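Enquirer: Provided below: work-v4.cif, containing mmCIF, C-alpha atoms and all ligand atoms.
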```cif
data_query
loop_
_atom_site.group_PDB
_atom_site.id
_atom_site.type_symbol
_atom_site.label_atom_id
_atom_site.label_comp_id
_atom_site.auth_asym_id
_atom_site.auth_seq_id
_atom_site.Cartn_x
_atom_site.Cartn_y
_atom_site.Cartn_z
ATOM 1 C CA MET A 406 -1.818 -3.425 15.650
ATOM 2 C CA ILE A 407 -3.033 -6.443 17.591
ATOM 3 C CA VAL A 408 -3.245 -9.732 15.675
ATOM 4 C CA PHE A 409 -5.841 -12.352 16.637
ATOM 5 C CA GLU A 410 -5.972 -15.867 15.262
ATOM 6 C CA LYS A 411 -8.799 -17.104 17.499
ATOM 7 C CA ALA A 412 -12.384 -15.985 16.961
ATOM 8 C CA THR A 413 -13.439 -16.082 20.630
ATOM 9 C CA GLU A 414 -10.433 -14.020 21.725
ATOM 10 C CA LEU A 415 -11.163 -11.368 19.082
ATOM 11 C CA ASN A 416 -14.866 -11.376 19.915
ATOM 12 C CA GLN A 417 -14.204 -10.895 23.652
ATOM 13 C CA PHE A 418 -11.615 -8.183 23.021
ATOM 14 C CA LEU A 419 -14.046 -6.252 20.806
ATOM 15 C CA ALA A 420 -16.874 -6.636 23.353
ATOM 16 C CA ARG A 421 -14.652 -4.904 25.944
ATOM 17 C CA GLU A 422 -13.761 -2.132 23.472
ATOM 18 C CA ARG A 423 -17.436 -1.603 22.661
ATOM 19 C CA GLU A 424 -18.190 -1.213 26.384
ATOM 20 C CA LYS A 425 -15.756 1.721 26.290
ATOM 21 C CA GLY A 426 -17.967 3.281 23.590
ATOM 22 C CA LYS A 427 -15.868 2.341 20.555
ATOM 23 C CA THR A 428 -17.435 1.732 17.141
ATOM 24 C CA VAL A 429 -15.954 -0.855 14.800
ATOM 25 C CA GLY A 430 -15.344 -0.482 11.065
ATOM 26 C CA PHE A 431 -14.528 -3.816 9.442
ATOM 27 C CA VAL A 432 -12.592 -4.534 6.233
ATOM 28 C CA PRO A 433 -12.752 -8.234 5.278
ATOM 29 C CA THR A 434 -10.047 -9.265 2.782
ATOM 30 C CA MET A 435 -8.292 -12.289 1.356
ATOM 31 C CA GLY A 436 -4.919 -10.557 1.758
ATOM 32 C CA ALA A 437 -2.392 -9.697 -0.971
ATOM 33 C CA LEU A 438 -3.320 -6.148 -0.084
ATOM 34 C CA HIS A 439 -3.011 -3.190 -2.466
ATOM 35 C CA ASN A 440 -4.034 0.465 -2.478
ATOM 36 C CA GLY A 441 -7.646 -0.475 -3.168
ATOM 37 C CA HIS A 442 -7.777 -2.240 0.208
ATOM 38 C CA ILE A 443 -5.977 0.678 1.837
ATOM 39 C CA SER A 444 -8.677 3.052 0.587
ATOM 40 C CA LEU A 445 -11.198 0.862 2.471
ATOM 41 C CA ILE A 446 -9.040 0.992 5.618
ATOM 42 C CA ASN A 447 -8.799 4.796 5.330
ATOM 43 C CA LYS A 448 -12.550 5.182 4.959
ATOM 44 C CA ALA A 449 -13.151 2.838 7.895
ATOM 45 C CA ARG A 450 -10.678 4.814 10.024
ATOM 46 C CA ASN A 451 -12.420 8.115 9.220
ATOM 47 C CA GLU A 452 -15.857 6.770 10.086
ATOM 48 C CA ASN A 453 -15.215 4.620 13.199
ATOM 49 C CA SER A 454 -13.164 4.716 16.357
ATOM 50 C CA MET A 455 -11.595 1.303 15.607
ATOM 51 C CA VAL A 456 -10.611 -0.497 12.431
ATOM 52 C CA VAL A 457 -10.569 -4.278 12.204
ATOM 53 C CA ALA A 458 -9.316 -6.043 9.059
ATOM 54 C CA SER A 459 -9.350 -9.758 8.336
ATOM 55 C CA VAL A 460 -7.054 -11.726 6.057
ATOM 56 C CA PHE A 461 -8.551 -15.105 5.198
ATOM 57 C CA VAL A 462 -8.297 -16.906 1.864
ATOM 58 C CA ASN A 463 -11.726 -18.492 2.023
ATOM 59 C CA PRO A 464 -11.694 -21.991 0.474
ATOM 60 C CA THR A 465 -15.495 -22.235 0.182
ATOM 61 C CA GLN A 466 -15.637 -19.452 -2.423
ATOM 62 C CA PHE A 467 -13.152 -21.121 -4.800
ATOM 63 C CA ASN A 468 -14.801 -23.466 -7.261
ATOM 64 C CA ASN A 469 -11.400 -24.295 -8.723
ATOM 65 C CA ALA A 470 -8.721 -25.953 -6.555
ATOM 66 C CA GLU A 471 -5.878 -24.665 -8.735
ATOM 67 C CA ASP A 472 -7.129 -21.060 -8.368
ATOM 68 C CA LEU A 473 -7.204 -21.472 -4.562
ATOM 69 C CA LYS A 474 -3.658 -22.867 -4.577
ATOM 70 C CA LYS A 475 -2.346 -20.038 -6.737
ATOM 71 C CA TYR A 476 -4.125 -17.211 -4.894
ATOM 72 C CA PRO A 477 -1.351 -14.832 -3.745
ATOM 73 C CA ARG A 478 -0.493 -15.001 -0.039
ATOM 74 C CA THR A 479 1.674 -12.174 1.323
ATOM 75 C CA ILE A 480 0.825 -12.026 5.032
ATOM 76 C CA GLU A 481 4.020 -10.310 6.246
ATOM 77 C CA ALA A 482 3.683 -7.486 3.691
ATOM 78 C CA ASP A 483 -0.065 -7.299 4.486
ATOM 79 C CA LYS A 484 0.610 -6.879 8.210
ATOM 80 C CA ALA A 485 3.147 -4.105 7.548
ATOM 81 C CA LEU A 486 0.767 -2.269 5.198
ATOM 82 C CA LEU A 487 -2.157 -2.504 7.629
ATOM 83 C CA GLU A 488 -0.008 -1.307 10.503
ATOM 84 C CA GLU A 489 1.336 1.643 8.469
ATOM 85 C CA ASN A 490 -2.201 2.651 7.570
ATOM 86 C CA GLY A 491 -3.597 2.760 11.069
ATOM 87 C CA CYS A 492 -5.462 -0.553 11.234
ATOM 88 C CA ASP A 493 -5.999 -1.390 14.933
ATOM 89 C CA VAL A 494 -6.750 -5.091 14.784
ATOM 90 C CA LEU A 495 -6.016 -7.888 12.316
ATOM 91 C CA PHE A 496 -7.975 -11.132 12.378
ATOM 92 C CA PHE A 497 -5.888 -13.834 10.684
ATOM 93 C CA PRO A 498 -7.659 -17.134 11.337
ATOM 94 C CA SER A 499 -6.869 -20.632 10.087
ATOM 95 C CA VAL A 500 -9.350 -22.551 7.931
ATOM 96 C CA GLU A 501 -10.167 -24.758 10.978
ATOM 97 C CA GLU A 502 -10.951 -21.671 13.045
ATOM 98 C CA ILE A 503 -13.548 -20.449 10.547
ATOM 99 C CA TYR A 504 -14.847 -23.883 9.583
ATOM 100 C CA PRO A 505 -14.452 -26.194 12.622
ATOM 101 C CA GLU A 506 -16.840 -28.509 10.831
ATOM 102 C CA LYS A 507 -18.166 -28.736 7.289
ATOM 103 C CA ASP A 508 -20.742 -26.033 6.601
ATOM 104 C CA ASN A 509 -23.513 -27.054 4.211
ATOM 105 C CA THR A 510 -25.604 -23.887 4.486
ATOM 106 C CA VAL A 511 -27.257 -22.940 1.219
ATOM 107 C CA PHE A 512 -28.129 -19.239 1.110
ATOM 108 C CA ASP A 513 -31.073 -17.827 -0.780
ATOM 109 C CA LEU A 514 -29.376 -14.992 -2.618
ATOM 110 C CA GLY A 515 -32.472 -13.941 -4.526
ATOM 111 C CA GLY A 516 -31.163 -15.259 -7.849
ATOM 112 C CA LEU A 517 -28.401 -12.600 -7.876
ATOM 113 C CA ASP A 518 -25.949 -15.483 -7.636
ATOM 114 C CA THR A 519 -27.069 -17.187 -10.849
ATOM 115 C CA LEU A 520 -25.839 -14.519 -13.299
ATOM 116 C CA MET A 521 -22.383 -13.473 -14.521
ATOM 117 C CA GLU A 522 -19.827 -14.609 -11.912
ATOM 118 C CA GLY A 523 -22.392 -17.058 -10.556
ATOM 119 C CA LYS A 524 -22.750 -18.736 -13.963
ATOM 120 C CA PHE A 525 -19.010 -19.166 -14.429
ATOM 121 C CA ARG A 526 -18.105 -19.848 -10.784
ATOM 122 C CA PRO A 527 -20.908 -22.048 -9.415
ATOM 123 C CA GLY A 528 -21.049 -21.997 -5.610
ATOM 124 C CA HIS A 529 -18.727 -18.989 -5.408
ATOM 125 C CA PHE A 530 -21.265 -16.574 -3.924
ATOM 126 C CA ASN A 531 -22.631 -19.137 -1.492
ATOM 127 C CA GLY A 532 -19.068 -19.403 -0.140
ATOM 128 C CA VAL A 533 -18.753 -15.614 0.016
ATOM 129 C CA ALA A 534 -22.066 -15.305 1.896
ATOM 130 C CA MET A 535 -21.008 -18.082 4.279
ATOM 131 C CA VAL A 536 -17.684 -16.512 5.235
ATOM 132 C CA VAL A 537 -18.940 -12.916 5.366
ATOM 133 C CA LYS A 538 -21.830 -13.896 7.661
ATOM 134 C CA ARG A 539 -19.416 -15.814 9.903
ATOM 135 C CA LEU A 540 -16.941 -12.917 10.027
ATOM 136 C CA PHE A 541 -19.757 -10.472 10.833
ATOM 137 C CA GLN A 542 -20.884 -12.724 13.700
ATOM 138 C CA ILE A 543 -17.362 -12.757 15.126
ATOM 139 C CA VAL A 544 -16.507 -9.071 14.633
ATOM 140 C CA GLN A 545 -20.030 -7.571 14.961
ATOM 141 C CA PRO A 546 -19.016 -4.361 13.204
ATOM 142 C CA GLU A 547 -21.168 -1.240 12.930
ATOM 143 C CA HIS A 548 -19.882 -0.696 9.380
ATOM 144 C CA ALA A 549 -18.270 -3.045 6.849
ATOM 145 C CA TYR A 550 -16.400 -1.863 3.751
ATOM 146 C CA PHE A 551 -16.321 -3.496 0.305
ATOM 147 C CA GLY A 552 -14.893 -2.412 -3.045
ATOM 148 C CA GLU A 553 -17.116 -1.667 -6.029
ATOM 149 C CA LYS A 554 -14.742 -3.644 -8.230
ATOM 150 C CA ASP A 555 -16.586 -6.737 -6.980
ATOM 151 C CA PHE A 556 -19.861 -5.220 -8.098
ATOM 152 C CA GLN A 557 -21.937 -8.402 -8.008
ATOM 153 C CA GLN A 558 -20.417 -9.475 -4.677
ATOM 154 C CA LEU A 559 -21.452 -6.137 -3.181
ATOM 155 C CA ALA A 560 -25.087 -6.580 -4.336
ATOM 156 C CA ILE A 561 -25.128 -10.133 -2.958
ATOM 157 C CA ILE A 562 -23.660 -9.126 0.416
ATOM 158 C CA ARG A 563 -26.273 -6.364 0.739
ATOM 159 C CA TYR A 564 -28.991 -8.912 -0.079
ATOM 160 C CA MET A 565 -27.626 -11.459 2.420
ATOM 161 C CA VAL A 566 -27.308 -8.853 5.191
ATOM 162 C CA SER A 567 -30.890 -7.736 4.635
ATOM 163 C CA SER A 568 -32.386 -11.241 4.390
ATOM 164 C CA GLU A 569 -30.429 -12.508 7.422
ATOM 165 C CA LYS A 570 -31.262 -9.255 9.279
ATOM 166 C CA LEU A 571 -27.634 -8.676 10.280
ATOM 167 C CA PRO A 572 -27.118 -5.395 12.161
ATOM 168 C CA VAL A 573 -24.335 -3.956 9.987
ATOM 169 C CA ASN A 574 -24.148 -1.105 7.480
ATOM 170 C CA ILE A 575 -22.533 -2.056 4.195
ATOM 171 C CA ILE A 576 -20.422 0.739 2.745
ATOM 172 C CA SER A 577 -19.193 0.589 -0.835
ATOM 173 C CA CYS A 578 -15.962 2.236 -2.002
ATOM 174 C CA PRO A 579 -14.981 3.158 -5.576
ATOM 175 C CA THR A 580 -12.611 0.987 -7.599
ATOM 176 C CA LEU A 581 -9.016 2.187 -7.534
ATOM 177 C CA ARG A 582 -7.113 2.001 -10.823
ATOM 178 C CA GLU A 583 -3.505 1.996 -11.934
ATOM 179 C CA SER A 584 -2.526 4.997 -14.080
ATOM 180 C CA SER A 585 -3.120 2.701 -17.094
ATOM 181 C CA GLY A 586 -6.750 2.246 -16.012
ATOM 182 C CA LEU A 587 -6.272 -1.376 -14.886
ATOM 183 C CA ALA A 588 -8.472 -1.988 -11.833
ATOM 184 C CA MET A 589 -6.388 -2.774 -8.746
ATOM 185 C CA SER A 590 -6.738 -6.412 -7.748
ATOM 186 C CA SER A 591 -4.761 -8.941 -5.730
ATOM 187 C CA ARG A 592 -4.719 -11.105 -8.853
ATOM 188 C CA ASN A 593 -2.686 -8.449 -10.738
ATOM 189 C CA MET A 594 0.324 -9.657 -8.724
ATOM 190 C CA ARG A 595 0.304 -12.752 -10.913
ATOM 191 C CA LEU A 596 0.565 -10.749 -14.158
ATOM 192 C CA THR A 597 3.868 -9.935 -15.858
ATOM 193 C CA LYS A 598 4.715 -6.317 -16.683
ATOM 194 C CA GLU A 599 3.682 -6.896 -20.311
ATOM 195 C CA GLU A 600 0.440 -8.591 -19.286
ATOM 196 C CA LYS A 601 -0.416 -5.613 -17.066
ATOM 197 C CA VAL A 602 -0.038 -3.340 -20.095
ATOM 198 C CA GLU A 603 -2.333 -5.658 -22.125
ATOM 199 C CA ALA A 604 -4.852 -5.838 -19.275
ATOM 200 C CA ALA A 605 -5.416 -2.068 -19.400
ATOM 201 C CA ALA A 606 -7.367 -2.708 -22.636
ATOM 202 C CA ILE A 607 -10.233 -3.991 -20.447
ATOM 203 C CA TYR A 608 -10.823 -0.534 -18.989
ATOM 204 C CA ARG A 609 -10.434 1.115 -22.389
ATOM 205 C CA ALA A 610 -13.135 -1.195 -23.759
ATOM 206 C CA LEU A 611 -15.409 -0.295 -20.815
ATOM 207 C CA LEU A 612 -14.888 3.417 -21.496
ATOM 208 C CA GLU A 613 -15.678 2.825 -25.160
ATOM 209 C CA ALA A 614 -18.870 1.016 -24.124
ATOM 210 C CA LYS A 615 -19.870 4.022 -21.996
ATOM 211 C CA GLU A 616 -19.298 6.297 -24.988
ATOM 212 C CA ASN A 617 -21.225 3.974 -27.332
ATOM 213 C CA ALA A 618 -24.134 3.805 -24.866
ATOM 214 C CA LYS A 619 -24.870 7.454 -25.743
ATOM 215 C CA THR A 620 -25.887 6.515 -29.301
ATOM 216 C CA LEU A 621 -26.260 2.732 -29.587
ATOM 217 C CA GLN A 622 -28.640 0.139 -28.135
ATOM 218 C CA PRO A 623 -27.413 -2.210 -25.361
ATOM 219 C CA HIS A 624 -27.083 -5.231 -27.687
ATOM 220 C CA GLU A 625 -24.925 -3.171 -30.085
ATOM 221 C CA VAL A 626 -22.731 -1.882 -27.258
ATOM 222 C CA LYS A 627 -22.327 -5.460 -26.068
ATOM 223 C CA GLU A 628 -21.378 -6.742 -29.535
ATOM 224 C CA ILE A 629 -18.706 -4.081 -30.037
ATOM 225 C CA PHE A 630 -17.248 -4.750 -26.591
ATOM 226 C CA GLU A 631 -17.136 -8.506 -27.177
ATOM 227 C CA GLN A 632 -15.466 -8.051 -30.560
ATOM 228 C CA SER A 633 -12.810 -5.714 -29.241
ATOM 229 C CA ILE A 634 -11.862 -8.040 -26.356
ATOM 230 C CA SER A 635 -12.122 -11.283 -28.363
ATOM 231 C CA GLN A 636 -9.885 -9.879 -31.120
ATOM 232 C CA ASN A 637 -7.139 -9.193 -28.602
ATOM 233 C CA SER A 638 -4.982 -12.326 -28.534
ATOM 234 C CA ALA A 639 -3.858 -11.580 -24.951
ATOM 235 C CA PHE A 640 -7.353 -12.390 -23.653
ATOM 236 C CA LYS A 641 -9.687 -15.310 -23.329
ATOM 237 C CA PHE A 642 -13.078 -13.624 -23.154
ATOM 238 C CA GLU A 643 -15.569 -14.965 -20.591
ATOM 239 C CA TYR A 644 -18.505 -12.571 -20.457
ATOM 240 C CA PHE A 645 -19.637 -9.000 -20.814
ATOM 241 C CA GLU A 646 -23.093 -8.157 -19.510
ATOM 242 C CA ILE A 647 -24.921 -4.865 -19.292
ATOM 243 C CA VAL A 648 -27.068 -5.090 -16.185
ATOM 244 C CA ASP A 649 -29.385 -2.893 -14.160
ATOM 245 C CA SER A 650 -27.123 -1.444 -11.452
ATOM 246 C CA GLU A 651 -29.680 -2.217 -8.704
ATOM 247 C CA ASN A 652 -31.161 -5.620 -9.502
ATOM 248 C CA LEU A 653 -28.434 -6.927 -11.859
ATOM 249 C CA LEU A 654 -30.986 -7.989 -14.485
ATOM 250 C CA PRO A 655 -29.771 -7.806 -18.109
ATOM 251 C CA VAL A 656 -30.641 -4.467 -19.744
ATOM 252 C CA LYS A 657 -32.397 -4.836 -23.094
ATOM 253 C CA GLU A 658 -33.055 -1.123 -23.636
ATOM 254 C CA TRP A 659 -31.923 2.031 -21.892
ATOM 255 C CA ASN A 660 -34.222 3.497 -19.279
ATOM 256 C CA PRO A 661 -33.286 7.078 -18.285
ATOM 257 C CA GLN A 662 -34.670 6.358 -14.773
ATOM 258 C CA ARG A 663 -32.301 3.423 -14.206
ATOM 259 C CA LYS A 664 -28.554 3.063 -14.133
ATOM 260 C CA ALA A 665 -26.813 0.340 -16.123
ATOM 261 C CA THR A 666 -23.407 -1.197 -15.380
ATOM 262 C CA GLY A 667 -21.170 -3.092 -17.781
ATOM 263 C CA CYS A 668 -19.526 -6.099 -16.100
ATOM 264 C CA VAL A 669 -16.727 -8.089 -17.658
ATOM 265 C CA ALA A 670 -14.608 -11.160 -16.934
ATOM 266 C CA VAL A 671 -11.592 -12.174 -19.019
ATOM 267 C CA TRP A 672 -8.599 -14.426 -18.623
ATOM 268 C CA ILE A 673 -5.018 -13.464 -19.322
ATOM 269 C CA ARG A 674 -3.115 -16.745 -19.397
ATOM 270 C CA ASP A 675 -4.361 -18.437 -16.180
ATOM 271 C CA VAL A 676 -5.269 -15.228 -14.368
ATOM 272 C CA ARG A 677 -8.936 -14.303 -14.249
ATOM 273 C CA LEU A 678 -9.736 -10.581 -14.126
ATOM 274 C CA ILE A 679 -13.055 -8.830 -13.575
ATOM 275 C CA ASP A 680 -14.007 -5.187 -13.892
ATOM 276 C CA ASN A 681 -17.116 -3.022 -14.281
ATOM 277 C CA LEU A 682 -18.185 0.506 -15.104
ATOM 278 C CA LEU A 683 -21.369 2.505 -14.902
ATOM 279 C CA ILE A 684 -22.140 2.905 -18.600
ATOM 280 C CA PHE A 685 -25.623 4.440 -18.565
ATOM 281 C CA PRO A 686 -26.587 7.238 -18.132
HETATM 282 O O1 LIG A 701 -13.664 -9.632 -1.812
HETATM 283 C C1 LIG A 701 -12.981 -10.431 -1.135
HETATM 284 O O2 LIG A 701 -11.790 -10.266 -0.940
HETATM 285 C C2 LIG A 701 -13.655 -11.672 -0.580
HETATM 286 O O3 LIG A 701 -14.616 -12.175 -1.452
HETATM 287 C C3 LIG A 701 -14.247 -11.456 0.823
HETATM 288 C C4 LIG A 701 -15.380 -10.454 0.806
HETATM 289 C C5 LIG A 701 -13.151 -11.002 1.773
HETATM 290 C C6 LIG A 701 -14.815 -12.785 1.350
HETATM 291 O O4 LIG A 701 -13.838 -13.766 1.408
#
```
Could I get this structure in the form of structure tokens?
Ligand code: PAF
Expert:
Amino acid sequence: MIVFEKATELNQFLAREREKGKTVGFVPTMGALHNGHISLINKARNENSMVVASVFVNPTQFNNAEDLKKYPRTIEADKALLEENGCDVLFFPSVEEIYPEKDNTVFDLGGLDTLMEGKFRPGHFNGVAMVVKRLFQIVQPEHAYFGEKDFQQLAIIRYMVSSEKLPVNIISCPTLRESSGLAMSSRNMRLTKEEKVEAAAIYRALLEAKENAKTLQPHEVKEIFEQSISQNSAFKFEYFEIVDSENLLPVKEWNPQRKATGCVAVWIRDVRLIDNLLIFP
């Protein structure tokens, strides 16, 4: 695996590879890699002749300085895991490399950035759009791979790519879970063994919501979910929303023609976890 820290060097290297007829599959990450990321690498490897991954903890998407400081950083383990799994190129830039000067771009994200995560993490999605656009300009991939665990992020990246007319196909990959049901996430590294056991209740509550959606109205499903999470002393509940899976608008009643996804955010101690599940139909 070749590691690049400089954008122009990576860009020139990939231009030469493309002249040889290679196609590039790109997996942007913030590191602290787990099997969820590896599933993206595997898919990218199967669908392209070259796989490029990036590890960059993007400061512009953190609205909380403490969260940025505590975000797990495990670059040596990340490199080994990428190498083992057939990644060809790693882009590991510094903050100065990505942001040589302050970027004040404000993206129009079609209002998708004002709900759920956007409400609780103001500016977060603008930072995501900023870094993803920049990475796409450097790497110029044919395909880019994102996990469905970040359901709202995926919708926003698709919107940004379409409105900015970027020539890249966005491919989504299913959430990988521990055997307990806990969604794999870099943030899980900050949980104790006991907290990981507690955290599996999030997925159980999502499954219960899916079951309840067969007989109850959305507001009832929401109430039961909120009660079950709020009653668990391990959690500080942030939100649970049932949204249209395409446009992310809150679902007031079930429509058999449209899918609905339940999206949740909770805190365990000072670790924020998100998850989602298709709950209707
Ligand atoms: O999902 C992530 O890890 C990040 O939000 C991303 C897409 C790599 C942008 O920093």
Enquirer: The PyMOL selection byres (((not hetatm)) within 8 of (chain A and resi 701)) - which residues does that actually catch in the file I just gave you? List them as a PDB file with C-alpha atoms, in the frame of the given file.
Expert:
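What ended up in out.pdb:
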```pdb
ATOM      1  CA  VAL A 432     -12.592  -4.534   6.233  1.00  0.00           C
ATOM      2  CA  PRO A 433     -12.752  -8.234   5.278  1.00  0.00           C
ATOM      3  CA  THR A 434     -10.047  -9.265   2.782  1.00  0.00           C
ATOM      4  CA  MET A 435      -8.292 -12.289   1.356  1.00  0.00           C
ATOM      5  CA  GLY A 436      -4.919 -10.557   1.758  1.00  0.00           C
ATOM      6  CA  SER A 459      -9.350  -9.758   8.336  1.00  0.00           C
ATOM      7  CA  VAL A 460      -7.054 -11.726   6.057  1.00  0.00           C
ATOM      8  CA  PHE A 461      -8.551 -15.105   5.198  1.00  0.00           C
ATOM      9  CA  VAL A 462      -8.297 -16.906   1.864  1.00  0.00           C
ATOM     10  CA  ASN A 463     -11.726 -18.492   2.023  1.00  0.00           C
ATOM     11  CA  GLN A 466     -15.637 -19.452  -2.423  1.00  0.00           C
ATOM     12  CA  GLY A 532     -19.068 -19.403  -0.140  1.00  0.00           C
ATOM     13  CA  VAL A 533     -18.753 -15.614   0.016  1.00  0.00           C
ATOM     14  CA  ALA A 534     -22.066 -15.305   1.896  1.00  0.00           C
ATOM     15  CA  VAL A 536     -17.684 -16.512   5.235  1.00  0.00           C
ATOM     16  CA  VAL A 537     -18.940 -12.916   5.366  1.00  0.00           C
ATOM     17  CA  PHE A 551     -16.321  -3.496   0.305  1.00  0.00           C
ATOM     18  CA  GLY A 552     -14.893  -2.412  -3.045  1.00  0.00           C
ATOM     19  CA  ASP A 555     -16.586  -6.737  -6.980  1.00  0.00           C
ATOM     20  CA  GLN A 558     -20.417  -9.475  -4.677  1.00  0.00           C
TER      21      GLN A 558
END
```
Enquirer: Starting from the PyMOL selection byres (((chain A and resi 526) around 12) and not hetatm), expand the selection into actual residues of this file and give them as a PyMOL selection string.
Expert: chain A and resi 465-470+472+518-525+527-533+643+670+677
Enquirer: Check the smallest atom-to-atom distance from each of A:Phe418, A:Asp483, A:Arg595, A:His548 to Val456 (chain A) using all atoms listed in the file, then report the winner.
Expert: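 Residue with the minimum atom-to-atom distance to Val456 (chain A): A:His548.
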Enquirer: Would you please work out which residue, of A:Glu600, A:Asn574, A:Leu559, A:Cys492, is nearest to Leu653 (chain A) when using only C-alpha atoms?
Expert: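 Going through A:Glu600, A:Asn574, A:Leu559, A:Cys492 one by one, the smallest distance to Leu653 (chain A) is for A:Leu559.
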Enquirer: Using only C-alpha atoms, which of the listed residues (A:Arg592, A:Lys570, A:Lys657, A:Lys641) sits closest to Pro623 (chain A)?
Expert: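 Among the listed residues, the smallest separation from Pro623 (chain A) belongs to A:Lys657.
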Enquirer: My list of candidates is A:Val494, A:Leu487, A:Ile679, A:Leu571. Which is closest to Asn593 (chain A) when distances are computed with all atoms listed in the file?
Expert: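 Checking each of A:Val494, A:Leu487, A:Ile679, A:Leu571 against Asn593 (chain A), counting all atoms listed in the file, the winner is A:Ile679.
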Enquirer: Can you tell me how far CA of Ala588 (chain A) sits from CA of Thr666 (chain A), in Å to one decimal?
Expert: 15.4 Å
Enquirer: I'd like to see the residues matched by the PyMOL selection byres (((chain A and resi 608-610) around 10) and not hetatm) on this file, and ideally I'd get them as a ChimeraX atom specification.
Expert: /A:582,585-588,604-607,611-616,629-634,669,680-682
Enquirer: In terms of the shortest atom-to-atom distance over all atoms listed in the file, which of A:Cys668, A:Leu486, A:Val602, A:Ala618 is closest to Gly441 (chain A)?
Expert: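 When distances to Gly441 (chain A) are compared using all atoms listed in the file, the smallest one comes from A:Leu486.
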Enquirer: Write out as a list of chain:residue names which residues come within 10 Å of Leu419 (chain A) when counting all atoms listed in the file, dropping same-chain ones fewer than 2 positions away.
Expert: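 Residues near the query, excluding close chain neighbours: A:Thr413, A:Glu414, A:Leu415, A:Asn416, A:Gln417, A:Arg421, A:Glu422, A:Arg423, A:Glu424, A:Lys425, A:Lys427, A:Thr428, A:Val429, A:Met455, A:Val457, A:Val494, A:Ile543, A:Val544, A:Gln545, A:Pro546.
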Enquirer: Would you mind telling me which residue in A:Met565, A:Val408, A:Ala665, A:Leu445 lies nearest to Phe512 (chain A) when using all atoms listed in the file?
Expert: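 For Phe512 (chain A), the nearest of the candidates is A:Met565.
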Enquirer: Residues near Pro661 (chain A), anyone? I mean within 12 Å using all atoms listed in the file, not counting same-chain ones fewer than 4 positions away, as number ranges by chain.
Expert: A: 618-619, 649, 656, 665, 684-686
Enquirer: What gap, in Å, lies between CA of Leu495 (chain A) and CA of Leu678 (chain A)?
Expert: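 Answer for the CA of Leu495 (chain A) to CA of Leu678 (chain A) separation: 26.8 Å.
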Enquirer: Rounded to one decimal, what separation in Å do you get between CA of Ala420 (chain A) and CA of Ile480 (chain A)?
Expert: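 Computing it gives 26.0 Å between the two atoms.
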Enquirer: Please fill the gaps in region 479-492 of chain A so it has N, CA and C atoms, and write that as a JSON list (two decimals), keeping the file's coordinate frame.
Expert:
```json
[["chain", "number", "residue", "atom", "x", "y", "z"],
["A", 479, "THR", "N", 0.55, -13.07, 1.00],
["A", 479, "THR", "CA", 1.67, -12.17, 1.32],
["A", 479, "THR", "C", 1.47, -11.60, 2.72],
["A", 480, "ILE", "N", 1.27, -12.49, 3.72],
["A", 480, "ILE", "CA", 0.82, -12.03, 5.03],
["A", 480, "ILE", "C", 1.79, -11.04, 5.70],
["A", 481, "GLU", "N", 3.11, -11.24, 5.55],
["A", 481, "GLU", "CA", 4.02, -10.31, 6.25],
["A", 481, "GLU", "C", 3.89, -8.90, 5.67],
["A", 482, "ALA", "N", 3.86, -8.80, 4.34],
["A", 482, "ALA", "CA", 3.68, -7.49, 3.69],
["A", 482, "ALA", "C", 2.31, -6.91, 4.06],
["A", 483, "ASP", "N", 1.29, -7.76, 4.13],
["A", 483, "ASP", "CA", -0.06, -7.30, 4.49],
["A", 483, "ASP", "C", -0.08, -6.68, 5.88],
["A", 484, "LYS", "N", 0.58, -7.38, 6.82],
["A", 484, "LYS", "CA", 0.61, -6.88, 8.21],
["A", 484, "LYS", "C", 1.27, -5.51, 8.24],
["A", 485, "ALA", "N", 2.40, -5.37, 7.54],
["A", 485, "ALA", "CA", 3.15, -4.11, 7.55],
["A", 485, "ALA", "C", 2.27, -2.98, 6.96],
["A", 486, "LEU", "N", 1.60, -3.28, 5.87],
["A", 486, "LEU", "CA", 0.77, -2.27, 5.20],
["A", 486, "LEU", "C", -0.42, -1.84, 6.08],
["A", 487, "LEU", "N", -1.02, -2.82, 6.75],
["A", 487, "LEU", "CA", -2.16, -2.50, 7.63],
["A", 487, "LEU", "C", -1.69, -1.63, 8.79],
["A", 488, "GLU", "N", -0.57, -2.04, 9.37],
["A", 488, "GLU", "CA", -0.01, -1.31, 10.50],
["A", 488, "GLU", "C", 0.30, 0.14, 10.12],
["A", 489, "GLU", "N", 0.98, 0.29, 8.97],
["A", 489, "GLU", "CA", 1.34, 1.64, 8.47],
["A", 489, "GLU", "C", 0.11, 2.52, 8.26],
["A", 490, "ASN", "N", -1.02, 1.88, 7.92],
["A", 490, "ASN", "CA", -2.20, 2.65, 7.57],
["A", 490, "ASN", "C", -3.23, 2.74, 8.69],
["A", 491, "GLY", "N", -2.76, 2.48, 9.90],
["A", 491, "GLY", "CA", -3.60, 2.76, 11.07],
["A", 491, "GLY", "C", -4.67, 1.74, 11.36],
["A", 492, "CYS", "N", -4.50, 0.50, 10.87],
["A", 492, "CYS", "CA", -5.46, -0.55, 11.23],
["A", 492, "CYS", "C", -5.17, -0.96, 12.69]]
```
